[in-house]
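I have placed the structure first, in the form of structure tokens, so that the comments after it can refer back to it.
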Amino acid sequence: MGVVVISATLELGLILFKNLTETPGIFLGQTQLFDLFGMFMMVLIAIELMSSIYVYCTNKVIYLEMMFLIAITAVTRKIVVLDAKAIDPLAVIGIAFVLAALVAGYYVVKKQQSIDH
């Protein structure tokens with residue numbers, strides 16, 4: 001998993017460098033920014049997933065809060081890279097409900113943790 005994260009990070013850096021050097025102006029275009037941000041989010045999700053696997057291997061405990069945050073980040077990435085013109089509106093509503101359910105689950109876990117402490 002570490003090799004995948006390192007290679008994805010290197011690829012992200014290479015793509016960023018390539019886009020910055022090939023762009024005629026100083027700024028990137030909108031599609032380039034969305035592609036780069038989607039790639040950045042994917043690397044972030046991989047790092048979070050790898051850290052949760054490490055925590056599980058060392059402590060033999062699964063932290064629900066961390067799992068909810070990884071899932072929320074993954075759905076957020078999906079929303080960012082989504083092509084709004086090509087997707088069915090019902091799919092967008094479905095993604096919104098999934099995100100709302102994840103946020104509600106995260107809230108319940110955090111609320112329970114505050115009650116326990």
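In the structure tokens, chains take letters A, B, ... by order of appearance, with residues numbered from 1 within each chain and ligands from 1 in the order shown.
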Spatial neighbours of region 92-103 of chain A, max dist 7 Å, only C-alpha atoms, sep filter under 3 positions, as a PyMOL selection string: chain A and resi 68+72+75+88-89+106-107
All residues 12 Å or closer to Phe17 (chain A), only C-alpha atoms, same chain fewer than 5 positions away omitted, as a PyMOL selection string: chain A and resi 10-12+22-23+28+32+36
Alpha helix (DSSP H) per DSSP on the backbone: members of chain A, as a VMD selection string: chain A and resid 2 to 22 30 to 59 64 to 81 89 to 116
Please produce a file of those selected residues containing C-alpha atoms, as a compact mmCIF listing (two decimals), in the first residue's frame.
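Produced file result39.txt, reproduced below:
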# COMPACT_ATOMS: atom_id res chain seq x y z
CA GLY A 2 2.87 2.34 0.78
CA VAL A 3 4.33 1.82 -2.68
CA VAL A 4 0.99 2.75 -4.25
CA VAL A 5 0.75 5.93 -2.17
CA ILE A 6 4.33 6.93 -2.99
CA SER A 7 3.87 6.26 -6.71
CA ALA A 8 0.55 8.16 -6.76
CA THR A 9 2.19 11.10 -4.99
CA LEU A 10 5.06 11.11 -7.47
CA GLU A 11 2.60 10.90 -10.36
CA LEU A 12 0.63 13.81 -8.92
CA GLY A 13 3.81 15.88 -8.69
CA LEU A 14 4.79 14.93 -12.24
CA ILE A 15 1.36 15.82 -13.61
CA LEU A 16 1.38 19.13 -11.73
CA PHE A 17 4.84 19.98 -13.07
CA LYS A 18 3.85 18.96 -16.59
CA ASN A 19 0.64 21.02 -16.50
CA LEU A 20 2.43 24.08 -15.14
CA THR A 21 5.21 23.94 -17.73
CA GLU A 22 2.93 23.26 -20.71
CA GLN A 30 -10.58 24.59 -15.11
CA THR A 31 -10.43 20.98 -16.31
CA GLN A 32 -6.76 20.73 -15.35
CA LEU A 33 -7.54 22.05 -11.87
CA PHE A 34 -10.38 19.55 -11.39
CA ASP A 35 -8.16 16.70 -12.58
CA LEU A 36 -5.34 17.72 -10.27
CA PHE A 37 -7.65 18.22 -7.30
CA GLY A 38 -9.26 14.83 -7.92
CA MET A 39 -5.83 13.21 -8.02
CA PHE A 40 -4.82 15.06 -4.84
CA MET A 41 -7.97 13.84 -3.09
CA MET A 42 -7.24 10.27 -4.21
CA VAL A 43 -3.74 10.47 -2.72
CA LEU A 44 -5.20 11.91 0.48
CA ILE A 45 -7.73 9.07 0.71
CA ALA A 46 -4.97 6.51 0.18
CA ILE A 47 -2.86 8.08 2.94
CA GLU A 48 -5.81 8.12 5.34
CA LEU A 49 -6.65 4.52 4.49
CA MET A 50 -3.05 3.47 5.00
CA SER A 51 -2.93 5.20 8.38
CA SER A 52 -6.14 3.49 9.47
CA ILE A 53 -4.69 0.11 8.46
CA TYR A 54 -1.55 0.93 10.45
CA VAL A 55 -3.63 1.88 13.52
CA TYR A 56 -5.59 -1.35 13.22
CA CYS A 57 -2.43 -3.46 12.91
CA THR A 58 -0.81 -1.83 15.94
CA ASN A 59 -3.83 -1.45 18.26
CA LEU A 64 -15.28 4.54 13.41
CA GLU A 65 -14.55 8.24 13.33
CA MET A 66 -11.61 7.65 10.99
CA MET A 67 -13.66 5.36 8.74
CA PHE A 68 -16.43 7.95 8.46
CA LEU A 69 -13.90 10.66 7.58
CA ILE A 70 -12.34 8.49 4.86
CA ALA A 71 -15.77 7.72 3.42
CA ILE A 72 -16.81 11.40 3.52
CA THR A 73 -13.56 12.35 1.78
CA ALA A 74 -14.14 9.69 -0.90
CA VAL A 75 -17.69 10.87 -1.60
CA THR A 76 -16.50 14.47 -1.67
CA ARG A 77 -13.86 13.50 -4.23
CA LYS A 78 -16.59 11.89 -6.32
CA ILE A 79 -18.59 15.11 -6.20
CA VAL A 80 -15.57 17.18 -7.23
CA VAL A 81 -14.67 15.05 -10.26
CA PRO A 89 -30.06 14.34 -11.50
CA LEU A 90 -31.29 11.34 -9.50
CA ALA A 91 -27.70 10.16 -9.16
CA VAL A 92 -26.77 13.54 -7.72
CA ILE A 93 -29.63 13.26 -5.22
CA GLY A 94 -28.46 9.75 -4.32
CA ILE A 95 -24.91 10.97 -3.74
CA ALA A 96 -26.27 13.80 -1.59
CA PHE A 97 -28.22 11.30 0.54
CA VAL A 98 -25.13 9.10 0.93
CA LEU A 99 -23.08 12.11 2.02
CA ALA A 100 -25.81 13.23 4.44
CA ALA A 101 -25.97 9.72 5.94
CA LEU A 102 -22.20 9.65 6.40
CA VAL A 103 -22.17 13.08 8.02
CA ALA A 104 -25.03 12.03 10.32
CA GLY A 105 -23.14 8.87 11.27
CA TYR A 106 -20.01 10.88 11.98
CA TYR A 107 -22.05 13.26 14.15
CA VAL A 108 -23.50 10.37 16.14
CA VAL A 109 -20.05 8.86 16.71
CA LYS A 110 -18.59 12.21 17.83
CA LYS A 111 -21.60 12.88 20.07
CA GLN A 112 -21.25 9.46 21.69
CA GLN A 113 -17.53 10.05 22.24
CA SER A 114 -18.24 13.37 23.96
CA ILE A 115 -20.81 11.70 26.22
CA ASP A 116 -18.38 8.91 27.12
